[in-house]
>>> print(open('model09.cif').read())   # mmCIF, C-alpha atoms and all ligand atoms
data_data
#
loop_
_atom_site.label_atom_id
_atom_site.label_comp_id
_atom_site.auth_asym_id
_atom_site.auth_seq_id
_atom_site.Cartn_x
_atom_site.Cartn_y
_atom_site.Cartn_z
CA MET A 208 222.96 -9.98 74.81
CA LYS A 209 225.99 -9.91 72.55
CA VAL A 210 225.80 -11.96 69.35
CA LYS A 211 228.91 -12.95 67.44
CA LYS A 212 229.30 -15.10 64.34
CA ILE A 213 232.24 -17.34 65.15
CA SER A 214 232.38 -19.63 62.10
CA GLU A 215 230.41 -20.58 59.03
CA HIS A 216 227.72 -22.46 60.99
CA ILE A 217 228.05 -21.16 64.57
CA TRP A 218 227.03 -18.03 66.50
CA SER A 219 227.73 -17.28 70.15
CA LEU A 220 225.17 -15.42 72.28
CA GLN A 221 226.61 -13.98 75.44
CA THR A 222 225.23 -12.15 78.45
CA TRP A 223 226.97 -10.95 81.63
CA VAL A 224 225.88 -11.61 85.20
CA LEU A 225 229.11 -10.98 87.11
CA ILE A 226 230.71 -13.39 84.65
CA PRO A 227 230.02 -14.01 80.95
CA ILE A 228 227.44 -16.70 80.21
CA THR A 229 227.47 -18.04 76.67
CA VAL A 230 225.26 -20.30 74.55
CA TRP A 231 225.76 -21.27 70.92
CA VAL A 232 223.44 -21.52 67.93
CA VAL A 233 224.56 -24.00 65.26
CA ALA A 234 222.94 -24.11 61.82
CA ASP A 235 222.68 -27.11 59.50
CA GLN A 236 220.51 -27.95 56.49
CA LYS A 237 217.46 -28.75 58.61
CA GLY A 238 217.45 -25.91 61.09
CA VAL A 239 219.31 -24.85 64.19
CA THR A 240 220.61 -26.49 67.35
CA LEU A 241 221.05 -24.64 70.62
CA VAL A 242 224.07 -25.73 72.67
CA ASP A 243 223.43 -25.00 76.37
CA ALA A 244 220.65 -22.73 77.55
CA GLY A 245 222.23 -20.17 79.88
CA ILE A 246 219.98 -18.40 82.36
CA SER A 247 216.23 -17.77 82.14
CA GLY A 248 216.67 -14.10 81.15
CA MET A 249 218.31 -15.22 77.90
CA ALA A 250 215.26 -17.09 76.58
CA LYS A 251 213.66 -14.19 74.73
CA GLY A 252 216.92 -13.07 73.14
CA ILE A 253 217.74 -16.62 72.02
CA LEU A 254 214.30 -17.08 70.42
CA THR A 255 214.41 -13.67 68.72
CA PHE A 256 217.87 -14.37 67.36
CA ILE A 257 216.87 -17.77 65.94
CA ASP A 258 213.86 -16.15 64.33
CA LYS A 259 215.89 -13.38 62.71
CA LEU A 260 218.67 -15.73 61.64
CA ASP A 261 216.25 -17.40 59.26
CA CYS A 262 218.21 -20.67 59.06
CA GLY A 263 215.17 -22.80 59.85
CA PRO A 264 213.45 -23.78 63.09
CA LEU A 265 215.02 -24.74 66.39
CA GLN A 266 215.35 -28.53 66.22
CA HIS A 267 216.77 -29.42 69.62
CA ILE A 268 218.77 -28.24 72.60
CA VAL A 269 221.93 -30.14 73.54
CA LEU A 270 223.62 -29.65 76.91
CA THR A 271 227.26 -29.83 77.96
CA HIS A 272 226.10 -30.49 81.53
CA GLY A 273 223.25 -29.76 83.90
CA HIS A 274 224.42 -26.88 86.10
CA SER A 275 221.74 -24.24 86.57
CA ASP A 276 223.54 -21.59 84.48
CA HIS A 277 223.44 -23.94 81.46
CA VAL A 278 219.78 -24.94 81.58
CA GLY A 279 218.07 -21.75 82.81
CA ALA A 280 216.30 -20.70 79.60
CA ILE A 281 215.03 -24.18 78.67
CA LYS A 282 211.63 -23.86 80.31
CA ARG A 283 210.73 -20.59 78.57
CA ILE A 284 212.15 -21.72 75.22
CA LEU A 285 210.12 -24.95 75.31
CA GLU A 286 206.93 -23.05 76.12
CA HIS A 287 207.28 -21.31 72.76
CA ASN A 288 209.02 -24.06 70.93
CA PRO A 289 208.67 -27.61 72.25
CA VAL A 290 211.79 -29.42 71.02
CA PRO A 291 213.75 -32.34 72.48
CA VAL A 292 216.59 -31.67 74.92
CA TYR A 293 219.63 -33.96 75.06
CA ALA A 294 222.35 -34.53 77.66
CA ASN A 295 224.76 -37.31 78.53
CA ALA A 296 222.92 -40.12 80.35
CA LYS A 297 225.64 -39.99 83.03
CA GLU A 298 224.65 -36.41 83.88
CA MET A 299 220.94 -37.16 84.29
CA PRO A 300 220.79 -38.35 87.92
CA TYR A 301 222.62 -35.19 89.04
CA MET A 302 220.62 -32.70 87.02
CA GLU A 303 217.35 -34.42 87.88
CA GLY A 304 218.14 -34.27 91.60
CA ASP A 305 218.54 -38.00 92.31
CA LEU A 306 222.20 -37.59 93.31
CA PRO A 307 224.10 -34.59 94.69
CA TYR A 308 226.78 -33.25 92.34
CA PRO A 309 230.24 -34.17 93.71
CA ARG A 310 231.30 -31.88 96.58
CA ARG A 311 227.72 -30.69 97.06
CA LYS A 312 225.87 -31.69 100.19
CA LYS A 313 222.40 -31.85 98.73
CA ALA A 314 220.90 -33.20 95.56
CA GLN A 315 219.10 -30.45 93.68
CA ALA A 316 217.20 -30.74 90.41
CA SER A 317 218.08 -28.17 87.76
CA VAL A 318 215.57 -29.61 85.28
CA VAL A 319 212.28 -31.44 85.60
CA LYS A 320 212.61 -35.21 85.56
CA GLY A 321 212.18 -36.68 82.09
CA LEU A 322 212.76 -33.35 80.32
CA ALA A 323 216.16 -34.34 78.93
CA ASN A 324 216.81 -37.38 76.75
CA PRO A 325 220.10 -39.27 76.71
CA LEU A 326 222.44 -38.51 73.79
CA SER A 327 222.52 -41.49 71.42
CA GLU A 328 225.50 -43.80 71.72
CA ASP A 329 226.60 -46.62 69.41
CA GLU A 330 227.45 -50.15 70.62
CA GLN A 331 231.00 -49.08 71.53
CA GLY A 332 229.64 -46.27 73.68
CA ARG A 333 230.65 -43.53 71.23
CA PHE A 334 228.23 -40.66 70.91
CA GLU A 335 226.43 -40.22 67.64
CA LYS A 336 226.73 -36.98 65.71
CA ILE A 337 223.88 -34.54 66.11
CA SER A 338 223.40 -31.75 63.53
CA GLY A 339 227.09 -31.48 62.63
CA LEU A 340 228.23 -31.73 66.25
CA THR A 341 230.02 -34.72 67.74
CA PRO A 342 229.74 -35.04 71.53
CA TYR A 343 232.82 -36.22 73.46
CA PHE A 344 232.83 -37.24 77.11
CA ALA A 345 235.01 -34.82 79.08
CA PRO A 346 234.20 -35.34 82.78
CA GLY A 347 235.56 -33.60 85.87
CA HIS A 348 233.75 -30.28 86.02
CA SER A 349 230.65 -32.47 86.38
CA PRO A 350 230.36 -36.28 86.18
CA GLY A 351 228.63 -36.34 82.79
CA HIS A 352 230.16 -33.26 81.16
CA VAL A 353 230.48 -33.46 77.36
CA VAL A 354 232.00 -31.10 74.79
CA TYR A 355 230.70 -30.70 71.22
CA TYR A 356 233.02 -30.63 68.23
CA HIS A 357 231.96 -29.12 64.93
CA GLU A 358 234.35 -30.91 62.62
CA GLU A 359 233.57 -28.93 59.47
CA ASP A 360 234.17 -25.55 61.17
CA LYS A 361 236.90 -26.96 63.46
CA VAL A 362 235.28 -25.36 66.50
CA LEU A 363 235.16 -27.03 69.91
CA LEU A 364 232.27 -25.90 72.13
CA SER A 365 233.84 -26.83 75.44
CA GLY A 366 231.19 -25.70 77.97
CA ASP A 367 232.86 -25.60 81.38
CA LEU A 368 235.81 -27.87 80.59
CA PHE A 369 237.84 -24.63 80.65
CA THR A 370 237.45 -20.93 81.25
CA SER A 371 239.68 -18.42 79.47
CA LYS A 372 241.52 -15.20 80.18
CA ASN A 373 243.19 -12.95 77.61
CA GLY A 374 242.91 -15.66 74.98
CA LYS A 375 244.52 -18.28 77.21
CA LEU A 376 243.06 -21.52 78.50
CA GLN A 377 242.29 -21.52 82.22
CA ARG A 378 240.98 -24.31 84.38
CA PRO A 379 237.23 -24.32 85.19
CA MET A 380 236.01 -22.43 88.24
CA ALA A 381 237.18 -24.41 91.26
CA MET A 382 234.12 -23.69 93.37
CA PHE A 383 231.80 -25.35 90.86
CA THR A 384 234.08 -28.18 89.72
CA GLY A 385 233.47 -31.64 91.15
CA ASP A 386 236.85 -33.21 90.38
CA MET A 387 239.52 -30.78 89.19
CA ALA A 388 242.18 -33.45 88.57
CA GLU A 389 239.77 -35.26 86.26
CA ALA A 390 238.81 -32.01 84.51
CA VAL A 391 242.50 -31.29 83.83
CA ARG A 392 242.96 -34.83 82.45
CA SER A 393 239.92 -34.32 80.19
CA ALA A 394 241.75 -31.41 78.53
CA ALA A 395 243.50 -34.10 76.43
CA ILE A 396 240.49 -33.98 74.11
CA VAL A 397 242.00 -30.77 72.67
CA ASP A 398 245.10 -32.66 71.55
CA ARG A 399 242.95 -35.36 70.01
CA LEU A 400 240.71 -33.02 68.00
CA LYS A 401 243.10 -30.11 67.36
CA PRO A 402 240.37 -27.48 66.92
CA ALA A 403 241.17 -24.16 65.26
CA ARG A 404 239.01 -22.39 67.81
CA LEU A 405 237.73 -23.29 71.25
CA GLU A 406 234.73 -21.69 72.94
CA VAL A 407 234.06 -21.62 76.66
CA CYS A 408 230.86 -20.74 78.45
CA HIS A 409 232.42 -18.31 80.93
CA GLY A 410 235.06 -16.46 78.94
CA GLN A 411 236.13 -15.53 75.42
CA SER A 412 237.32 -17.55 72.41
CA VAL A 413 240.67 -19.32 72.44
CA PHE A 414 242.43 -19.70 69.07
CA HIS A 415 244.69 -22.70 68.32
CA PRO A 416 244.26 -24.14 71.82
CA THR A 417 246.45 -27.16 71.00
CA ASP A 418 249.51 -24.87 71.09
CA GLN A 419 248.71 -23.97 74.69
CA LEU A 420 247.93 -27.43 75.95
CA SER A 421 251.32 -28.44 77.34
CA ASP A 422 251.57 -25.14 79.27
CA TYR A 423 248.03 -25.60 80.53
CA LEU A 424 248.78 -29.11 81.75
CA LYS A 425 252.09 -28.10 83.34
CA THR A 426 250.45 -25.24 85.26
CA ASN A 427 247.33 -27.08 86.32
CA GLN A 428 248.46 -30.66 86.95
CA SER A 429 250.66 -29.38 89.79
CA LYS A 430 247.71 -27.52 91.34
CA THR A 431 245.41 -30.53 91.56
ZN ZN A 501 229.17 -25.76 85.23
#
>>> encode(input="model09.cif", output="structure tokens")
Amino acid sequence: MKVKKISEHIWSLQTWVLIPITVWVVADQKGVTLVDAGISGMAKGILTFIDKLDCGPLQHIVLTHGHSDHVGAIKRILEHNPVPVYANAKEMPYMEGDLPYPRRKKAQASVVKGLANPLSEDEQGRFEKISGLTPYFAPGHSPGHVVYYHEEDKVLLSGDLFTSKNGKLQRPMAMFTGDMAEAVRSAAIVDRLKPARLEVCHGQSVFHPTDQLSDYLKTNQSKT
């Protein structure tokens, strides 16, 4: 597993199984937050890294969405370290197997029912900040997909909202994306937040993504 410090408070941990699979460790005053949980083989490496990092205990796991390559290590991590797991309430019925993900024939649970808690929302339906990260709804790849913005470090952890190639934004993998047109529309969050750096689960970092956004939209709106 490859570990990289990407900003003052954030590290990326990446493994390869045909494609890169990335999770992020985010430190704050109280401890660390894990964003996404990759595949089961990453559990030991994630726990060892958090231990060595010495920035305090794992406090919680937050998910961008519930696809199996984003939740795989949860079970083994919780066996060692029982912490709460959070996801968007809109993602729950799909990840818990009550509804099939769009364009899938069958419902299939990727986590045990009741394992994940809904991210807190205020009365206007805005997500509340969690350990320096603000969740934003960015659907399309999956119905309840969220991205996490670390305002202080100006880093956007975008999950599967995009992939990347040679430092350029690419659309998410078509085969696993429920509604590509919606995913492309959700890219507007980049213009709203103007991050200095954007991280994707299946690819490498993208710097100053806002500069690429109009090209991205031009290329991908016509495809959907
Ligand atoms: Zn996915």
>>> closest_atom_pairs(input="model09.cif", of="chain A", to="ligand ZN 501 (chain A)", cutoff="7 Å", atoms="only C-alpha atoms and all ligand atoms", output="CSV")
residue,atom,partner,partner_atom,distance
A:His272,CA,A:ZN501,ZN,6.7
A:His274,CA,A:ZN501,ZN,5.0
A:His348,CA,A:ZN501,ZN,6.5
A:Ser349,CA,A:ZN501,ZN,7.0
A:Asp367,CA,A:ZN501,ZN,5.3
A:Phe383,CA,A:ZN501,ZN,6.2
>>> atom_distance(input="model09.cif", atom1="CA of Ser214 in chain A", atom2="CA of Leu363 in chain A")
11.1 Å
>>> atom_distance(input="model09.cif", atom1="CA of Ile257 in chain A", atom2="CA of Trp231 in chain A")
10.8 Å
>>> residues_around(input="model09.cif", residues="Met380 in chain A", least_positions_apart="6", cutoff="12 Å", atoms="all atoms listed in the file", output="list of chain:residue names")
A:Ile226, A:Gly347, A:His348, A:Ser349, A:Gly366, A:Asp367, A:Leu368, A:Phe369, A:Thr370, A:Ser371, A:Asp386, A:Met387, A:Ala390, A:Val391, A:Val407, A:Cys408, A:His409, A:Gly410
>>> closest_residue(input="model09.cif", among="A:Ser365, A:Ser275, A:Thr384, A:Thr417", to="Pro309 in chain A", atoms="all atoms listed in the file")
A:Thr384
>>> atom_distance(input="model09.cif", atom1="CA of Lys401 in chain A", atom2="CA of Lys336 in chain A")
17.8 Å
>>> closest_residue(input="model09.cif", among="A:Ala323, A:Gln315, A:Asp305, A:Lys282", to="Leu270 in chain A", atoms="all atoms listed in the file")
A:Ala323
>>> closest_residue(input="model09.cif", among="A:Pro291, A:Glu286, A:Arg333, A:Met382", to="Arg311 in chain A", atoms="only C-alpha atoms")
A:Met382
>>> closest_residue(input="model09.cif", among="A:Ala280, A:Ala296, A:Leu265, A:Val397", to="Val230 in chain A", atoms="all atoms listed in the file")
A:Ala280
>>> closest_residue(input="model09.cif", among="A:Asp243, A:Asp235, A:Asp398, A:Glu303", to="Leu220 in chain A", atoms="all atoms listed in the file")
A:Asp243
>>> decode(input="model09.cif", residues="range 304-354 of chain A", atoms="N, CA and C atoms", output="mmCIF file, in the first residue's frame")
data_model
loop_
_atom_site.group_PDB
_atom_site.id
_atom_site.type_symbol
_atom_site.label_atom_id
_atom_site.label_comp_id
_atom_site.auth_asym_id
_atom_site.auth_seq_id
_atom_site.Cartn_x
_atom_site.Cartn_y
_atom_site.Cartn_z
ATOM 1 N N GLY A 304 -28.986 -3.117 0.637
ATOM 2 C CA GLY A 304 -29.619 -4.169 -0.162
ATOM 3 C C GLY A 304 -31.140 -4.119 -0.224
ATOM 4 N N ASP A 305 -31.746 -2.988 0.183
ATOM 5 C CA ASP A 305 -33.203 -2.863 0.047
ATOM 6 C C ASP A 305 -33.609 -2.485 -1.375
ATOM 7 N N LEU A 306 -32.760 -1.772 -2.072
ATOM 8 C CA LEU A 306 -33.035 -1.350 -3.453
ATOM 9 C C LEU A 306 -31.828 -1.679 -4.320
ATOM 10 N N PRO A 307 -32.063 -2.061 -5.603
ATOM 11 C CA PRO A 307 -30.900 -2.254 -6.477
ATOM 12 C C PRO A 307 -30.327 -0.899 -6.875
ATOM 13 N N TYR A 308 -29.020 -0.775 -6.936
ATOM 14 C CA TYR A 308 -28.416 0.439 -7.474
ATOM 15 C C TYR A 308 -28.939 0.643 -8.898
ATOM 16 N N PRO A 309 -29.112 1.884 -9.352
ATOM 17 C CA PRO A 309 -29.600 2.128 -10.710
ATOM 18 C C PRO A 309 -28.776 1.346 -11.742
ATOM 19 N N ARG A 310 -29.456 0.792 -12.712
ATOM 20 C CA ARG A 310 -28.863 -0.004 -13.791
ATOM 21 C C ARG A 310 -28.334 -1.359 -13.324
ATOM 22 N N ARG A 311 -28.635 -1.729 -12.094
ATOM 23 C CA ARG A 311 -28.317 -3.088 -11.628
ATOM 24 C C ARG A 311 -29.631 -3.845 -11.526
ATOM 25 N N LYS A 312 -29.569 -5.123 -11.838
ATOM 26 C CA LYS A 312 -30.815 -5.907 -11.813
ATOM 27 C C LYS A 312 -31.231 -6.240 -10.387
ATOM 28 N N LYS A 313 -30.220 -6.570 -9.583
ATOM 29 C CA LYS A 313 -30.534 -7.094 -8.249
ATOM 30 C C LYS A 313 -30.045 -6.170 -7.152
ATOM 31 N N ALA A 314 -30.833 -6.127 -6.084
ATOM 32 C CA ALA A 314 -30.342 -5.432 -4.887
ATOM 33 C C ALA A 314 -29.282 -6.309 -4.231
ATOM 34 N N GLN A 315 -28.238 -5.693 -3.725
ATOM 35 C CA GLN A 315 -27.177 -6.468 -3.085
ATOM 36 C C GLN A 315 -26.559 -5.637 -1.968
ATOM 37 N N ALA A 316 -26.578 -6.179 -0.754
ATOM 38 C CA ALA A 316 -26.033 -5.423 0.378
ATOM 39 C C ALA A 316 -24.512 -5.419 0.337
ATOM 40 N N SER A 317 -23.915 -4.248 0.507
ATOM 41 C CA SER A 317 -22.457 -4.182 0.628
ATOM 42 C C SER A 317 -22.047 -4.011 2.091
ATOM 43 N N VAL A 318 -22.997 -3.626 2.932
ATOM 44 C CA VAL A 318 -22.749 -3.570 4.384
ATOM 45 C C VAL A 318 -23.950 -4.180 5.121
ATOM 46 N N VAL A 319 -23.702 -4.590 6.333
ATOM 47 C CA VAL A 319 -24.764 -5.136 7.170
ATOM 48 C C VAL A 319 -25.741 -4.018 7.532
ATOM 49 N N LYS A 320 -27.015 -4.350 7.537
ATOM 50 C CA LYS A 320 -28.031 -3.366 7.892
ATOM 51 C C LYS A 320 -27.767 -2.762 9.273
ATOM 52 N N GLY A 321 -27.888 -1.439 9.362
ATOM 53 C CA GLY A 321 -27.721 -0.775 10.644
ATOM 54 C C GLY A 321 -26.272 -0.429 10.976
ATOM 55 N N LEU A 322 -25.336 -0.881 10.131
ATOM 56 C CA LEU A 322 -23.920 -0.608 10.408
ATOM 57 C C LEU A 322 -23.603 0.879 10.214
ATOM 58 N N ALA A 323 -24.159 1.468 9.153
ATOM 59 C CA ALA A 323 -23.866 2.878 8.876
ATOM 60 C C ALA A 323 -24.954 3.779 9.438
ATOM 61 N N ASN A 324 -24.539 4.935 9.916
ATOM 62 C CA ASN A 324 -25.461 5.949 10.428
ATOM 63 C C ASN A 324 -25.572 7.065 9.398
ATOM 64 N N PRO A 325 -26.743 7.740 9.359
ATOM 65 C CA PRO A 325 -26.847 8.847 8.405
ATOM 66 C C PRO A 325 -26.007 10.049 8.839
ATOM 67 N N LEU A 326 -25.342 10.687 7.884
ATOM 68 C CA LEU A 326 -24.619 11.940 8.153
ATOM 69 C C LEU A 326 -25.615 12.961 8.685
ATOM 70 N N SER A 327 -25.189 13.758 9.668
ATOM 71 C CA SER A 327 -26.114 14.755 10.238
ATOM 72 C C SER A 327 -26.395 15.876 9.255
ATOM 73 N N GLU A 328 -27.656 16.282 9.210
ATOM 74 C CA GLU A 328 -28.060 17.401 8.354
ATOM 75 C C GLU A 328 -28.754 18.441 9.221
ATOM 76 N N ASP A 329 -28.627 19.726 8.842
ATOM 77 C CA ASP A 329 -29.362 20.759 9.581
ATOM 78 C C ASP A 329 -30.788 20.869 9.009
ATOM 79 N N GLU A 330 -31.566 21.854 9.521
ATOM 80 C CA GLU A 330 -32.967 21.940 9.099
ATOM 81 C C GLU A 330 -33.129 22.229 7.607
ATOM 82 N N GLN A 331 -32.120 22.888 7.018
ATOM 83 C CA GLN A 331 -32.186 23.181 5.580
ATOM 84 C C GLN A 331 -31.675 22.003 4.732
ATOM 85 N N GLY A 332 -31.315 20.927 5.385
ATOM 86 C CA GLY A 332 -30.832 19.763 4.644
ATOM 87 C C GLY A 332 -29.360 19.843 4.281
ATOM 88 N N ARG A 333 -28.650 20.826 4.879
ATOM 89 C CA ARG A 333 -27.194 20.896 4.631
ATOM 90 C C ARG A 333 -26.478 19.967 5.600
ATOM 91 N N PHE A 334 -25.449 19.303 5.087
ATOM 92 C CA PHE A 334 -24.705 18.389 5.954
ATOM 93 C C PHE A 334 -23.874 19.158 6.959
ATOM 94 N N GLU A 335 -23.765 18.584 8.140
ATOM 95 C CA GLU A 335 -22.922 19.204 9.155
ATOM 96 C C GLU A 335 -21.478 18.725 8.999
ATOM 97 N N LYS A 336 -20.568 19.624 9.340
ATOM 98 C CA LYS A 336 -19.141 19.337 9.257
ATOM 99 C C LYS A 336 -18.774 18.196 10.197
ATOM 100 N N ILE A 337 -17.851 17.358 9.747
ATOM 101 C CA ILE A 337 -17.405 16.268 10.594
ATOM 102 C C ILE A 337 -15.872 16.220 10.544
ATOM 103 N N SER A 338 -15.245 16.527 11.680
ATOM 104 C CA SER A 338 -13.770 16.509 11.788
ATOM 105 C C SER A 338 -13.064 17.272 10.668
ATOM 106 N N GLY A 339 -13.485 18.501 10.432
ATOM 107 C CA GLY A 339 -12.824 19.346 9.429
ATOM 108 C C GLY A 339 -13.302 19.117 8.011
ATOM 109 N N LEU A 340 -14.186 18.138 7.825
ATOM 110 C CA LEU A 340 -14.665 17.807 6.476
ATOM 111 C C LEU A 340 -16.128 18.189 6.320
ATOM 112 N N THR A 341 -16.450 18.892 5.238
ATOM 113 C CA THR A 341 -17.855 19.189 4.970
ATOM 114 C C THR A 341 -18.342 18.294 3.831
ATOM 115 N N PRO A 342 -19.399 17.506 4.097
ATOM 116 C CA PRO A 342 -19.943 16.667 3.025
ATOM 117 C C PRO A 342 -20.841 17.493 2.093
ATOM 118 N N TYR A 343 -20.753 17.232 0.806
ATOM 119 C CA TYR A 343 -21.652 17.849 -0.185
ATOM 120 C C TYR A 343 -22.255 16.748 -1.039
ATOM 121 N N PHE A 344 -23.551 16.861 -1.276
ATOM 122 C CA PHE A 344 -24.273 15.890 -2.095
ATOM 123 C C PHE A 344 -23.831 16.035 -3.543
ATOM 124 N N ALA A 345 -23.370 14.966 -4.141
ATOM 125 C CA ALA A 345 -22.905 14.998 -5.540
ATOM 126 C C ALA A 345 -23.325 13.698 -6.227
ATOM 127 N N PRO A 346 -24.638 13.554 -6.494
ATOM 128 C CA PRO A 346 -25.174 12.276 -6.976
ATOM 129 C C PRO A 346 -24.867 12.009 -8.445
ATOM 130 N N GLY A 347 -25.159 10.801 -8.882
ATOM 131 C CA GLY A 347 -24.996 10.416 -10.283
ATOM 132 C C GLY A 347 -24.243 9.092 -10.370
ATOM 133 N N HIS A 348 -23.020 9.088 -9.861
ATOM 134 C CA HIS A 348 -22.289 7.814 -9.821
ATOM 135 C C HIS A 348 -23.102 6.801 -9.007
ATOM 136 N N SER A 349 -23.620 7.266 -7.870
ATOM 137 C CA SER A 349 -24.613 6.493 -7.109
ATOM 138 C C SER A 349 -25.637 7.505 -6.588
ATOM 139 N N PRO A 350 -26.813 7.033 -6.172
ATOM 140 C CA PRO A 350 -27.890 7.988 -5.813
ATOM 141 C C PRO A 350 -27.578 8.862 -4.596
ATOM 142 N N GLY A 351 -26.743 8.358 -3.678
ATOM 143 C CA GLY A 351 -26.484 9.128 -2.464
ATOM 144 C C GLY A 351 -25.025 9.539 -2.343
ATOM 145 N N HIS A 352 -24.340 9.614 -3.460
ATOM 146 C CA HIS A 352 -22.893 9.914 -3.437
ATOM 147 C C HIS A 352 -22.636 11.304 -2.842
ATOM 148 N N VAL A 353 -21.682 11.384 -1.917
ATOM 149 C CA VAL A 353 -21.244 12.683 -1.389
ATOM 150 C C VAL A 353 -19.730 12.828 -1.584
ATOM 151 N N VAL A 354 -19.284 14.081 -1.616
ATOM 152 C CA VAL A 354 -17.850 14.378 -1.622
ATOM 153 C C VAL A 354 -17.554 15.091 -0.305
#
